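Structure below is upload_25.cif: mmCIF, C-alpha atoms.
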data_structure
loop_
_atom_site.label_atom_id
_atom_site.label_comp_id
_atom_site.auth_asym_id
_atom_site.auth_seq_id
_atom_site.Cartn_x
_atom_site.Cartn_y
_atom_site.Cartn_z
CA MET B 1 26.29 218.09 -46.69
CA PRO B 2 22.78 218.40 -48.16
CA ASP B 3 21.96 221.72 -49.77
CA HIS B 4 18.58 222.50 -48.20
CA TRP B 5 17.42 224.48 -51.21
CA SER B 6 13.93 224.68 -49.70
CA PHE B 7 15.34 226.71 -46.78
CA VAL B 8 17.16 229.03 -49.19
CA ALA B 9 13.95 229.50 -51.18
CA ALA B 10 11.98 230.16 -47.98
CA ALA B 11 14.44 232.83 -46.77
CA TYR B 12 14.59 234.68 -50.11
CA GLY B 13 10.89 234.19 -50.80
CA LEU B 14 9.81 235.55 -47.43
CA THR B 15 12.11 238.57 -47.75
CA ALA B 16 10.93 239.33 -51.29
CA ALA B 17 7.27 238.98 -50.29
CA VAL B 18 7.50 241.30 -47.26
CA LEU B 19 9.53 243.96 -49.12
CA LEU B 20 7.12 243.85 -52.06
CA ILE B 21 4.09 244.21 -49.79
CA TYR B 22 5.65 247.22 -48.05
CA TRP B 23 6.49 248.80 -51.41
CA ARG B 24 2.94 248.27 -52.73
CA ARG B 25 1.47 249.67 -49.51
CA LEU B 26 3.56 252.84 -49.87
CA ALA B 27 2.20 253.30 -53.40
CA THR B 28 -1.39 252.73 -52.28
CA LYS B 29 -1.07 255.23 -49.41
CA GLU B 30 0.50 257.77 -51.75
CA ARG B 31 -2.48 257.49 -54.11
CA GLU B 32 -4.91 257.82 -51.18
CA VAL B 33 -3.23 260.98 -49.91
CA GLU B 34 -3.17 262.41 -53.45
CA ALA B 35 -6.91 261.72 -53.81
CA SER B 36 -7.80 263.28 -50.45
CA LYS B 37 -5.69 266.32 -51.26
CA ARG B 38 -7.57 266.78 -54.53
CA LEU B 39 -10.87 266.39 -52.71
CA ASN B 40 -9.83 268.98 -50.10
CA ALA B 41 -8.80 271.39 -52.81
CA GLU B 42 -12.17 271.04 -54.54
CA ARG B 43 -14.06 271.49 -51.29
CA SER B 44 -12.20 274.63 -50.38
CA ARG B 45 -13.36 276.17 -53.66
CA GLU B 46 -17.03 275.62 -52.75
CA PRO B 47 -18.70 278.25 -50.55
CA SER B 48 -18.64 276.97 -47.00
CA ILE B 49 -21.84 276.66 -44.98
CA THR B 50 -20.38 278.38 -41.95
CA GLY B 51 -18.69 281.06 -44.02
CA HIS B 52 -19.97 284.45 -45.16
CA PRO B 53 -23.74 284.81 -45.58
CA ARG B 54 -24.85 284.97 -49.19
CA SER B 55 -25.42 288.52 -50.39
CA GLU B 56 -28.83 289.75 -51.50
CA PRO B 57 -29.43 289.49 -55.27
CA ALA B 58 -29.76 293.26 -55.55
CA SER B 59 -26.26 293.94 -54.29
CA ARG B 60 -24.55 291.31 -56.53
CA THR B 61 -22.19 292.27 -59.27
CA PRO B 62 -23.04 291.02 -62.75
CA LEU B 63 -20.41 288.31 -62.44
CA GLN B 64 -21.93 286.94 -59.23
CA GLN B 65 -25.42 287.00 -60.69
CA ASN B 66 -24.38 284.66 -63.51
CA GLN B 67 -22.74 282.18 -61.26
CA ARG B 68 -24.49 279.24 -59.65
CA PRO B 69 -23.25 278.22 -56.20
CA GLY B 70 -20.67 275.43 -56.39
CA ALA B 71 -19.90 275.96 -60.07
CA PRO B 72 -16.23 276.52 -60.90
CA LEU B 73 -15.13 280.08 -61.42
CA PRO B 74 -14.85 281.11 -65.07
CA MET Y 1 14.96 262.06 -57.48
CA VAL Y 2 13.26 259.33 -55.43
CA LYS Y 3 12.33 257.60 -58.67
CA THR Y 4 15.96 257.51 -59.81
CA LEU Y 5 16.96 256.13 -56.45
CA GLY Y 6 14.29 253.46 -56.86
CA TRP Y 7 15.69 252.30 -60.19
CA LEU Y 8 19.23 252.34 -58.80
CA THR Y 9 18.07 250.22 -55.86
CA ALA Y 10 16.27 247.77 -58.14
CA ALA Y 11 19.42 247.40 -60.23
CA ALA Y 12 21.57 246.85 -57.12
CA LEU Y 13 19.16 244.24 -55.75
CA ALA Y 14 19.16 242.43 -59.10
CA ALA Y 15 22.97 242.50 -59.15
CA GLY Y 16 22.97 241.19 -55.58
CA LEU Y 17 20.79 238.25 -56.56
CA VAL Y 18 23.03 237.43 -59.53
CA MET Y 19 26.07 237.60 -57.23
CA ALA Y 20 24.44 235.45 -54.54
CA PHE Y 21 23.36 232.68 -56.88
CA GLY Y 22 25.58 233.05 -59.94
CA VAL Y 23 28.95 234.27 -58.69
CA ALA Y 24 29.23 233.05 -55.09
CA PRO Y 25 30.48 229.48 -54.76
CA ARG Y 26 28.83 226.60 -52.97
CA GLU Y 27 30.34 227.00 -49.51
CA VAL Y 28 32.59 224.15 -48.39
CA THR Y 29 31.18 223.13 -45.01
CA GLN Y 30 27.58 224.29 -45.28
CA GLY Y 31 26.77 223.79 -48.94
CA ASN Y 32 24.24 225.96 -50.76
CA VAL Y 33 22.24 226.78 -47.63
CA GLN Y 34 25.00 229.29 -46.78
CA ARG Y 35 23.57 231.50 -49.58
CA ILE Y 36 20.99 232.67 -47.01
CA MET Y 37 23.84 234.77 -45.61
CA TYR Y 38 23.66 237.16 -48.60
CA VAL Y 39 20.23 238.30 -47.50
CA HIS Y 40 20.49 237.74 -43.71
CA VAL Y 41 23.64 239.78 -43.01
CA PRO Y 42 22.72 242.80 -45.22
CA LEU Y 43 19.24 242.94 -43.64
CA ILE Y 44 20.68 243.08 -40.12
CA LEU Y 45 23.44 245.56 -40.99
CA ALA Y 46 20.99 247.82 -42.87
CA SER Y 47 18.73 247.74 -39.81
CA TYR Y 48 21.68 248.95 -37.70
CA VAL Y 49 22.03 251.84 -40.18
CA ALA Y 50 18.30 252.56 -39.87
CA PHE Y 51 18.40 252.67 -36.08
CA VAL Y 52 21.53 254.83 -35.97
CA VAL Y 53 19.90 257.30 -38.40
CA LEU Y 54 16.77 257.14 -36.24
CA ALA Y 55 18.77 258.06 -33.12
CA VAL Y 56 20.58 260.94 -34.85
CA ALA Y 57 17.33 262.27 -36.35
CA SER Y 58 15.73 262.03 -32.90
CA LEU Y 59 18.53 264.09 -31.40
CA VAL Y 60 18.17 266.67 -34.17
CA TYR Y 61 14.43 266.79 -33.50
CA LEU Y 62 14.93 267.38 -29.77
CA VAL Y 63 17.33 270.24 -30.47
CA ARG Y 64 15.58 271.97 -33.38
CA ARG Y 65 11.98 270.69 -33.18
CA ASP Y 66 12.09 270.16 -36.92
CA PRO Y 67 9.19 267.95 -38.10
CA ALA Y 68 11.34 266.79 -41.04
CA ALA Y 69 13.79 265.15 -38.62
CA ASP Y 70 10.89 263.45 -36.86
CA GLY Y 71 9.66 262.20 -40.22
CA VAL Y 72 13.04 260.64 -41.01
CA ALA Y 73 13.09 258.99 -37.55
CA HIS Y 74 9.57 257.63 -37.97
CA ALA Y 75 10.28 256.28 -41.46
CA SER Y 76 13.59 254.74 -40.33
CA GLY Y 77 11.79 253.03 -37.46
CA GLU Y 78 9.31 251.42 -39.81
CA VAL Y 79 11.91 250.23 -42.31
CA GLY Y 80 14.31 249.18 -39.53
CA VAL Y 81 11.70 247.04 -37.79
CA MET Y 82 10.85 245.38 -41.09
CA PHE Y 83 14.54 244.72 -41.83
CA VAL Y 84 15.45 243.39 -38.39
CA GLY Y 85 12.31 241.24 -38.37
CA LEU Y 86 13.28 239.76 -41.72
CA GLY Y 87 16.86 239.40 -40.49
CA ILE Y 88 15.66 237.36 -37.52
CA ALA Y 89 13.35 235.27 -39.72
CA THR Y 90 16.04 234.50 -42.31
CA GLY Y 91 18.51 233.76 -39.51
CA SER Y 92 16.05 231.33 -38.01
CA ILE Y 93 15.55 229.65 -41.39
CA TRP Y 94 19.33 229.41 -41.73
CA GLY Y 95 19.74 228.12 -38.17
CA LYS Y 96 17.43 225.13 -38.49
CA PRO Y 97 19.46 223.16 -41.04
CA THR Y 98 22.89 224.31 -39.81
CA TRP Y 99 22.70 224.69 -36.02
CA GLY Y 100 19.86 222.23 -35.66
CA THR Y 101 17.48 224.74 -34.07
CA TRP Y 102 15.17 227.55 -35.20
CA TRP Y 103 15.83 229.55 -32.06
CA THR Y 104 17.84 229.55 -28.84
CA TRP Y 105 18.17 232.17 -26.09
CA ASP Y 106 21.86 232.97 -26.39
CA ALA Y 107 23.07 236.55 -25.88
CA ARG Y 108 23.04 237.39 -29.62
CA LEU Y 109 19.55 236.11 -30.31
CA THR Y 110 18.19 237.54 -27.06
CA SER Y 111 19.65 241.01 -27.65
CA VAL Y 112 18.40 241.12 -31.24
CA ALA Y 113 14.93 240.01 -30.09
CA ILE Y 114 14.98 242.91 -27.59
CA LEU Y 115 16.03 245.24 -30.43
CA PHE Y 116 13.05 244.13 -32.51
CA VAL Y 117 10.56 244.44 -29.65
CA MET Y 118 11.87 247.88 -28.59
CA TYR Y 119 11.47 249.40 -32.04
CA LEU Y 120 8.11 247.72 -32.46
CA GLY Y 121 7.19 249.49 -29.20
CA TYR Y 122 8.57 252.71 -30.70
CA LEU Y 123 6.13 252.44 -33.61
CA LEU Y 124 3.24 251.54 -31.28
CA LEU Y 125 4.04 254.53 -29.05
CA ARG Y 126 3.61 256.81 -32.06
CA GLY Y 127 0.21 255.32 -32.68
CA THR Y 128 -1.03 255.73 -29.11
CA ILE Y 129 -0.25 259.45 -28.62
CA ASP Y 130 -2.69 261.74 -30.42
CA ASP Y 131 -0.78 265.01 -30.10
CA PRO Y 132 1.83 264.82 -32.90
CA GLU Y 133 4.28 267.12 -31.10
CA ARG Y 134 4.20 265.06 -27.91
CA ALA Y 135 4.43 261.78 -29.85
CA ALA Y 136 7.49 263.07 -31.67
CA ARG Y 137 9.15 264.16 -28.40
CA TYR Y 138 8.55 260.87 -26.53
CA CYS Y 139 9.59 258.81 -29.53
CA ALA Y 140 12.78 260.85 -29.92
CA VAL Y 141 13.80 259.98 -26.35
CA LEU Y 142 12.97 256.31 -26.85
CA GLY Y 143 14.77 256.31 -30.19
CA ILE Y 144 17.98 257.52 -28.56
CA VAL Y 145 17.81 255.10 -25.61
CA ALA Y 146 16.93 252.08 -27.77
CA ALA Y 147 20.04 252.61 -29.88
CA LEU Y 148 22.12 251.53 -26.86
CA ASP Y 149 21.11 247.95 -27.69
CA ILE Y 150 22.88 248.04 -31.07
CA PRO Y 151 26.43 247.67 -29.65
CA LEU Y 152 25.08 245.03 -27.29
CA VAL Y 153 23.74 243.00 -30.23
CA HIS Y 154 26.94 243.40 -32.20
CA PHE Y 155 29.43 242.64 -29.42
CA SER Y 156 27.32 240.03 -27.60
CA VAL Y 157 29.17 237.29 -29.47
CA TYR Y 158 32.47 238.56 -28.07
CA TRP Y 159 31.33 239.40 -24.56
CA TRP Y 160 29.39 236.22 -23.80
CA ARG Y 161 29.26 232.58 -24.80
CA THR Y 162 26.82 232.17 -27.65
CA LEU Y 163 25.68 229.64 -30.22
CA HIS Y 164 25.84 232.35 -32.87
CA GLN Y 165 29.23 232.68 -34.53
CA PRO Y 166 31.15 235.99 -34.37
CA PRO Y 167 30.70 238.52 -37.21
CA SER Y 168 32.19 237.59 -40.57
CA LEU Y 169 32.27 241.06 -42.07
CA MET Y 170 32.25 243.68 -39.30
CA LYS Y 171 35.10 242.24 -37.27
CA PRO Y 172 38.60 243.42 -36.33
CA GLY Y 173 40.94 242.61 -39.18
CA GLY Y 174 38.10 242.42 -41.69
CA PHE Y 175 36.66 239.54 -43.65
CA THR Y 176 38.92 236.48 -43.72
CA GLY Y 177 36.85 234.09 -45.85
CA SER Y 178 37.03 233.66 -49.61
CA SER Y 179 36.84 236.80 -51.75
CA SER Y 180 34.28 235.07 -53.97
CA ILE Y 181 32.03 235.11 -50.90
CA LEU Y 182 33.01 238.61 -49.74
CA TRP Y 183 32.04 240.42 -52.97
CA PRO Y 184 28.50 239.07 -53.23
CA LEU Y 185 28.06 240.00 -49.58
CA LEU Y 186 29.27 243.58 -50.16
CA VAL Y 187 27.08 244.06 -53.26
CA ASN Y 188 24.04 242.86 -51.33
CA LEU Y 189 24.94 245.08 -48.38
CA LEU Y 190 25.06 248.10 -50.69
CA ALA Y 191 21.76 247.05 -52.29
CA PHE Y 192 19.99 246.79 -48.95
CA ILE Y 193 21.37 250.10 -47.70
CA LEU Y 194 20.11 251.70 -50.94
CA LEU Y 195 16.76 250.00 -50.39
CA TYR Y 196 16.65 251.46 -46.88
CA VAL Y 197 17.40 254.97 -48.17
CA TYR Y 198 14.81 254.60 -50.94
CA PHE Y 199 12.10 253.37 -48.58
CA VAL Y 200 12.84 256.12 -46.03
CA ALA Y 201 12.83 258.85 -48.68
CA ARG Y 202 9.48 257.68 -49.97
CA ARG Y 203 7.97 257.07 -46.52
CA ALA Y 204 9.11 260.45 -45.18
CA ARG Y 205 7.63 262.17 -48.24
CA LEU Y 206 4.37 260.32 -47.64
CA LEU Y 207 4.34 261.30 -43.96
CA ARG Y 208 4.78 264.95 -44.95
CA ALA Y 209 1.92 264.69 -47.46
CA GLN Y 210 -0.30 263.00 -44.86
CA ALA Y 211 0.39 265.77 -42.35
CA GLU Y 212 -0.48 268.39 -44.98
CA ALA Y 213 -3.68 266.57 -45.91
CA ILE Y 214 -4.86 266.63 -42.30
CA ALA Y 215 -3.86 270.26 -41.65
CA MET X 1 13.12 257.20 -15.58
CA ILE X 2 11.70 255.27 -18.52
CA ALA X 3 15.13 255.38 -20.08
CA ALA X 4 16.75 253.88 -16.97
CA ALA X 5 14.09 251.16 -16.80
CA LEU X 6 14.69 250.31 -20.45
CA VAL X 7 18.45 250.14 -20.02
CA TYR X 8 17.97 247.88 -17.01
CA MET X 9 15.60 245.63 -18.97
CA ILE X 10 18.07 245.24 -21.80
CA TYR X 11 20.88 244.53 -19.37
CA ALA X 12 18.87 242.01 -17.34
CA GLY X 13 17.64 240.28 -20.47
CA VAL X 14 21.07 239.82 -21.90
CA THR X 15 22.89 238.86 -18.70
CA GLN X 16 20.20 236.19 -18.24
CA SER X 17 21.54 234.57 -21.35
CA ALA X 18 25.14 235.54 -20.57
CA VAL X 19 26.13 232.14 -19.25
CA TYR X 20 24.52 230.45 -22.20
CA PHE X 21 26.43 227.21 -21.71
CA VAL X 22 28.84 225.66 -19.21
CA THR X 23 32.16 224.20 -20.32
CA PRO X 24 33.18 220.59 -19.65
CA SER X 25 35.64 221.80 -16.96
CA GLU X 26 32.91 223.79 -15.20
CA LEU X 27 30.48 220.87 -15.33
CA GLY X 28 33.14 218.36 -14.28
CA SER X 29 34.09 220.33 -11.17
CA ALA X 30 30.59 220.21 -9.64
CA PRO X 31 28.05 218.15 -11.58
CA VAL X 32 24.54 217.95 -10.11
CA ALA X 33 22.65 214.85 -11.26
CA GLY X 34 19.24 215.54 -12.73
CA LYS X 35 19.82 219.28 -13.12
CA ALA X 36 19.29 220.73 -16.61
CA TYR X 37 22.45 222.06 -18.23
CA ARG X 38 23.52 223.49 -21.52
CA LEU X 39 27.00 222.22 -22.26
CA GLY X 40 29.31 223.59 -24.94
CA GLY X 41 32.62 222.33 -26.30
CA MET X 42 34.44 220.63 -29.17
CA VAL X 43 33.47 217.14 -30.28
CA GLU X 44 36.62 215.14 -29.54
CA ARG X 45 38.25 213.43 -32.48
CA GLY X 46 37.75 209.67 -32.46
CA SER X 47 34.97 209.83 -29.88
CA LEU X 48 31.95 210.00 -32.19
CA ARG X 49 29.84 206.85 -32.58
CA TRP X 50 26.55 206.82 -34.50
CA GLU X 51 24.32 203.77 -34.86
CA PRO X 52 21.56 204.43 -37.41
CA SER X 53 19.68 201.23 -36.46
CA THR X 54 19.17 202.28 -32.83
CA LEU X 55 19.51 206.06 -33.43
CA SER X 56 22.04 206.14 -30.64
CA LEU X 57 24.73 208.81 -30.74
CA THR X 58 27.66 208.95 -28.35
CA PHE X 59 30.58 211.36 -28.28
CA ALA X 60 32.81 213.32 -25.91
CA LEU X 61 32.70 217.13 -25.56
CA SER X 62 35.95 218.76 -24.56
CA ASP X 63 37.33 222.22 -23.87
CA GLY X 64 40.95 221.14 -24.00
CA LYS X 65 41.15 220.61 -20.24
CA ALA X 66 38.23 218.35 -19.36
CA SER X 67 36.03 216.02 -21.36
CA VAL X 68 32.44 214.89 -20.80
CA ALA X 69 30.81 211.77 -22.26
CA VAL X 70 27.51 212.59 -24.00
CA ARG X 71 24.74 210.22 -25.11
CA HIS X 72 21.84 211.14 -27.33
CA LYS X 73 18.97 209.45 -29.16
CA GLY X 74 18.44 210.80 -32.64
CA ALA X 75 20.31 212.19 -35.63
CA PRO X 76 22.52 215.27 -35.07
CA PRO X 77 22.34 218.42 -37.25
CA ASP X 78 24.28 218.41 -40.51
CA LEU X 79 27.13 220.55 -39.27
CA PHE X 80 27.75 218.35 -36.26
CA GLY X 81 30.99 216.40 -36.44
CA GLU X 82 34.34 215.58 -34.90
CA GLY X 83 36.65 218.53 -34.36
CA ARG X 84 33.71 220.95 -34.51
CA GLY X 85 31.91 222.95 -31.85
CA ALA X 86 28.61 221.82 -30.38
CA VAL X 87 26.19 222.92 -27.69
CA VAL X 88 24.03 220.23 -26.08
CA GLU X 89 21.02 220.55 -23.80
CA GLY X 90 20.20 217.84 -21.28
CA SER X 91 21.16 216.66 -17.82
CA TRP X 92 23.90 214.95 -15.92
CA THR X 93 23.06 211.37 -14.94
CA PRO X 94 24.08 209.56 -11.75
CA GLU X 95 25.73 206.97 -14.02
CA GLY X 96 28.32 209.54 -14.92
CA TYR X 97 27.45 210.68 -18.44
CA PHE X 98 25.52 213.58 -19.95
CA ARG X 99 22.16 212.68 -21.43
CA ALA X 100 21.47 215.15 -24.22
CA THR X 101 17.91 215.94 -25.31
CA HIS X 102 18.90 218.49 -27.97
CA ILE X 103 22.06 218.88 -29.99
CA MET X 104 23.10 222.11 -31.69
CA ALA X 105 26.11 222.59 -33.94
CA LYS X 106 28.27 225.67 -33.59
CA HIS X 107 29.98 226.78 -36.76
CA SER X 108 32.76 229.10 -37.76
CA GLU X 109 32.18 232.60 -39.14
CA GLU X 110 34.67 231.84 -41.93
CA TYR X 111 33.04 230.94 -45.18
CA LYS X 112 35.15 229.30 -47.84
CA ALA X 113 34.97 228.60 -51.53
CA PRO X 114 35.84 224.98 -52.46
CA HIS X 115 39.35 225.72 -53.75
CA ASP X 116 40.78 227.77 -50.88
CA THR X 117 40.04 225.90 -47.68
CA ASN X 118 42.59 225.78 -44.96
CA GLN X 119 42.97 224.48 -41.47
CA ALA X 120 42.89 227.96 -39.97
CA SER X 121 39.11 227.80 -39.77
CA ILE X 122 39.25 225.05 -37.14
CA LYS X 123 41.69 227.10 -35.08
CA GLU X 124 39.31 230.03 -35.42
CA LEU X 125 36.42 227.94 -34.18
CA MET X 126 38.47 226.83 -31.16
CA ARG X 127 39.02 230.50 -30.43
CA THR X 128 35.33 231.35 -30.64
CA LEU X 129 34.51 228.52 -28.25
CA SER X 130 37.04 229.57 -25.65
CA GLY X 131 36.30 233.26 -26.15
CA GLY X 132 33.76 235.13 -24.08
CA SER X 133 34.36 233.11 -20.93
CA ARG X 134 32.84 235.36 -18.33
#
Could I get this file's structure written as structure tokens?
Amino acid sequence: MPDHWSFVAAAYGLTAAVLLIYWRRLATKEREVEASKRLNAERSREPSITGHPRSEPASRTPLQQNQRPGAPLP
Amino acid sequence: MVKTLGWLTAAALAAGLVMAFGVAPREVTQGNVQRIMYVHVPLILASYVAFVVLAVASLVYLVRRDPAADGVAHASGEVGVMFVGLGIATGSIWGKPTWGTWWTWDARLTSVAILFVMYLGYLLLRGTIDDPERAARYCAVLGIVAALDIPLVHFSVYWWRTLHQPPSLMKPGGFTGSSSILWPLLVNLLAFILLYVYFVARRARLLRAQAEAIA
Amino acid sequence: MIAAALVYMIYAGVTQSAVYFVTPSELGSAPVAGKAYRLGGMVERGSLRWEPSTLSLTFALSDGKASVAVRHKGAPPDLFGEGRGAVVEGSWTPEGYFRATHIMAKHSEEYKAPHDTNQASIKELMRTLSGGSR
């Protein structure tokens, strides 16, 4: 009875390759979601275009007067 | 938690490989090609586990409308399809040198092909429905119905004439071969079930994060 | 509705392959020449003849009650042998033998280490061949 090692290698190799690809893909997707979450978080801190109208300079508190739009809060 | 499970799984898979190639003997009638069994059988049995979990999670979803249950079902479907697909592929690779054919339409191979196609359809159905609530509901129904094929796959070798031999492990009276073949098989089965749990835990977590990112 | 259709599809698909092969007794009782069959049985001891120069293989398939003479051109799979199960595809000839176009070996689900083989595995294989006769 010949051993057919090439068939054994093919079965284990194919399985290892597919499992590894799936594992790597999970990691990639996780990083992508992390990145988009960070981006969303940053965006939500910026004043939105459709949101409240900007107040007139005269009515601003000293804190608001020092702050440029889009800059992080102190 | 998931990380620990990952390391545990990696260790179990490594132990399984050592058992399959270092501990298990060269089988008497088939020779070394029989070592394909240590990956083929655990893949198929772990896919049964995946599809049973999928069906139970689907039922839980239909009763409680809990998105977490839907996530587990979805993740199990993905991992199960991958496992059963690999199980079919490794079986085919094993069949060529031993049976003398890559494929034949006996009841076992036909029913397992149906299993693969049904769960592939399950994953496609998720992709085609935009409304996540409706997708989850339809998939839950399909996930419960599709599970009916599992006993058909398993018992096909008893109910009908097949080329495929009856089960070696999951049979009445238990395993009757050599214990030096049984242990490597059991270690690999444990490793692949762990791998299933690990993949599902990570995939379900990712699905949750993706849903949050969109919301 | 969809569920019922699915269940029907599964059932139809599997029953299609339910009579995967005929036994030598079934073929012997009403053989139709030229019709394609899949025939399953045990390779009878002492019946196997293999000529490497002409690639001609002859043997008899039996189910314990009837026996059918099979001829084939080409080497059989590794696990093919006397006293073992086999499934052959081909047709019945008017000359009274089965001309096989494809030979498949059926093997036991018992896997053995070199030092603890026993004859029980052959009995087991006999059982798996006769089992599932529906």
At most 6 Å is the cut-off: for each residue in chain X with any atom that close to an atom of chain Y, write down the nearest atom pair and the distance in Å rounded to one decimal, counting all atoms listed in the file, chain first then increasing number, as a tab-separated table.
residue	atom	partner	partner_atom	distance
X:Val14	CA	Y:Ala107	CA	5.5
X:Ser17	CA	Y:Ala107	CA	5.2
X:Ala18	CA	Y:Trp160	CA	5.4
X:Tyr20	CA	Y:Asp106	CA	5.6
X:Pro77	CA	Y:Gly100	CA	4.8
X:Leu79	CA	Y:Thr98	CA	5.7
X:Met104	CA	Y:Trp99	CA	5.1
X:Ala105	CA	Y:Trp99	CA	4.5
X:Lys106	CA	Y:Leu163	CA	5.8
X:Ser108	CA	Y:Gln165	CA	6.0
X:Glu109	CA	Y:Ser168	CA	5.2
X:Glu110	CA	Y:Gly177	CA	5.0
X:Tyr111	CA	Y:Gly177	CA	5.0
X:Lys112	CA	Y:Ser178	CA	5.1
X:Ala113	CA	Y:Glu27	CA	5.3
X:Pro114	CA	Y:Val28	CA	5.3
X:Gly132	CA	Y:Trp160	CA	4.5
Point-to-point distance in Å for CA of Val117 in chain Y and CA of Ser92 in chain Y:
16.5 Å
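For the pair CA of Leu86 in chain Y and CA of Thr15 in chain B, the interatomic distance is 6.3 Å.
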Set the cut-off to 12 Å and count all atoms listed in the file: what are the residues of chain B that reach chain Y? Output as JSON, numbers by chain.
{"B": [1, 2, 3, 4, 5, 6, 7, 8, 9, 10, 11, 12, 13, 14, 15, 16, 17, 18, 19, 20, 21, 22, 23, 24, 25, 26, 27, 28, 29, 30, 31, 32, 33, 34, 35, 36, 37, 38, 39, 40, 41]}
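Taking CA of Trp103 in chain Y as the reference point, CA of Ile88 in chain Y is found at 9.5 Å.
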Counting all atoms listed in the file, what is within 9 Å of Thr93 in chain X, bar same-chain residues fewer than 6 positions away, as an MDAnalysis selection string?
chainID X and resid 32:35 99
Non-local contacts of Val88 in chain X (9 Å; all atoms listed in the file; under 5 positions in same chain excluded) as a list in words
Phe21, Tyr37, Arg38, Leu39, Gly40, Gly41, Val70, Ala100, Thr101, His102, Ile103, Met104 and Ala105 of chain X
Could those selected residues go to a file with C-alpha atoms, as a short mmCIF file (atom, residue, chain, number, x, y, z; two decimals), in the coordinates of the input?
data_model
loop_
_atom_site.label_atom_id
_atom_site.label_comp_id
_atom_site.auth_asym_id
_atom_site.auth_seq_id
_atom_site.Cartn_x
_atom_site.Cartn_y
_atom_site.Cartn_z
CA PHE X 21 26.43 227.21 -21.71
CA TYR X 37 22.45 222.06 -18.23
CA ARG X 38 23.52 223.49 -21.52
CA LEU X 39 27.00 222.22 -22.26
CA GLY X 40 29.31 223.59 -24.94
CA GLY X 41 32.62 222.33 -26.30
CA VAL X 70 27.51 212.59 -24.00
CA ALA X 100 21.47 215.15 -24.22
CA THR X 101 17.91 215.94 -25.31
CA HIS X 102 18.90 218.49 -27.97
CA ILE X 103 22.06 218.88 -29.99
CA MET X 104 23.10 222.11 -31.69
CA ALA X 105 26.11 222.59 -33.94
#
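Selection check: the PyMOL selection byres ((chain X and resi 45-47) around 10) on the shown file gives Met42, Val43, Glu44, Leu48, Arg49, Thr58, Phe59, Ala60, Leu61, Ser62, Ala69, Val70, Gly81, Glu82, Gly83 and Arg84 of chain X.
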Sort by chain and increasing residue number a table of all residues of range 62-103 of chain Y within 10 Å of range 123-140 of chain Y, each with its closest pair of atoms and their distance in Å to one decimal, counting all atoms listed in the file, and write it as CSV.
residue,atom,partner,partner_atom,distance
Y:Leu62,CA,Y:Arg137,CA,6.8
Y:Arg65,CA,Y:Arg137,CA,8.6
Y:Asp66,CA,Y:Ala136,CA,9.9
Y:Pro67,CA,Y:Ala136,CA,8.2
Y:Ala69,CA,Y:Ala136,CA,9.6
Y:Asp70,CA,Y:Ala136,CA,6.2
Y:Gly71,CA,Y:Ala136,CA,8.9
Y:Ala73,CA,Y:Ala140,CA,7.9
Y:His74,CA,Y:Leu123,CA,7.6
Y:Ala75,CA,Y:Leu123,CA,9.7
Y:Gly77,CA,Y:Leu123,CA,6.9
Y:Glu78,CA,Y:Leu123,CA,7.0
Y:Val81,CA,Y:Leu123,CA,8.8
For Trp50 in chain X, find every residue with an atom within 10 Å (counting all atoms listed in the file), except residues of its own chain fewer than 5 positions away, and show them as a list in words.
Leu55, Ser56, Leu57, Thr58, Phe59, His72, Lys73, Gly74, Ala75 and Pro76 of chain X
Can you work out which one of X:Ser53, X:Ala30, X:Ser67, X:Asp78 has the shortest atom-to-atom distance to chain B, counting all atoms listed in the file?
X:Asp78
Given the file shown, determine the residues that the PyMOL selection byres ((chain Y and resi 14) around 12) selects; report them as a PDB file with C-alpha atoms, keeping the file's coordinate frame.
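Below is the file that was written, out.pdb:
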ATOM      1  CA  ALA B  16      10.930 239.330 -51.290  1.00  0.00           C
TER       2      ALA B  16
ATOM      3  CA  TRP Y   7      15.690 252.300 -60.190  1.00  0.00           C
ATOM      4  CA  LEU Y   8      19.230 252.340 -58.800  1.00  0.00           C
ATOM      5  CA  THR Y   9      18.070 250.220 -55.860  1.00  0.00           C
ATOM      6  CA  ALA Y  10      16.270 247.770 -58.140  1.00  0.00           C
ATOM      7  CA  ALA Y  11      19.420 247.400 -60.230  1.00  0.00           C
ATOM      8  CA  ALA Y  12      21.570 246.850 -57.120  1.00  0.00           C
ATOM      9  CA  LEU Y  13      19.160 244.240 -55.750  1.00  0.00           C
ATOM     10  CA  ALA Y  15      22.970 242.500 -59.150  1.00  0.00           C
ATOM     11  CA  GLY Y  16      22.970 241.190 -55.580  1.00  0.00           C
ATOM     12  CA  LEU Y  17      20.790 238.250 -56.560  1.00  0.00           C
ATOM     13  CA  VAL Y  18      23.030 237.430 -59.530  1.00  0.00           C
ATOM     14  CA  MET Y  19      26.070 237.600 -57.230  1.00  0.00           C
ATOM     15  CA  ALA Y  20      24.440 235.450 -54.540  1.00  0.00           C
ATOM     16  CA  PHE Y  21      23.360 232.680 -56.880  1.00  0.00           C
ATOM     17  CA  GLY Y  22      25.580 233.050 -59.940  1.00  0.00           C
ATOM     18  CA  PRO Y 184      28.500 239.070 -53.230  1.00  0.00           C
ATOM     19  CA  VAL Y 187      27.080 244.060 -53.260  1.00  0.00           C
ATOM     20  CA  ASN Y 188      24.040 242.860 -51.330  1.00  0.00           C
ATOM     21  CA  LEU Y 190      25.060 248.100 -50.690  1.00  0.00           C
ATOM     22  CA  ALA Y 191      21.760 247.050 -52.290  1.00  0.00           C
ATOM     23  CA  PHE Y 192      19.990 246.790 -48.950  1.00  0.00           C
ATOM     24  CA  LEU Y 195      16.760 250.000 -50.390  1.00  0.00           C
TER      25      LEU Y 195
END
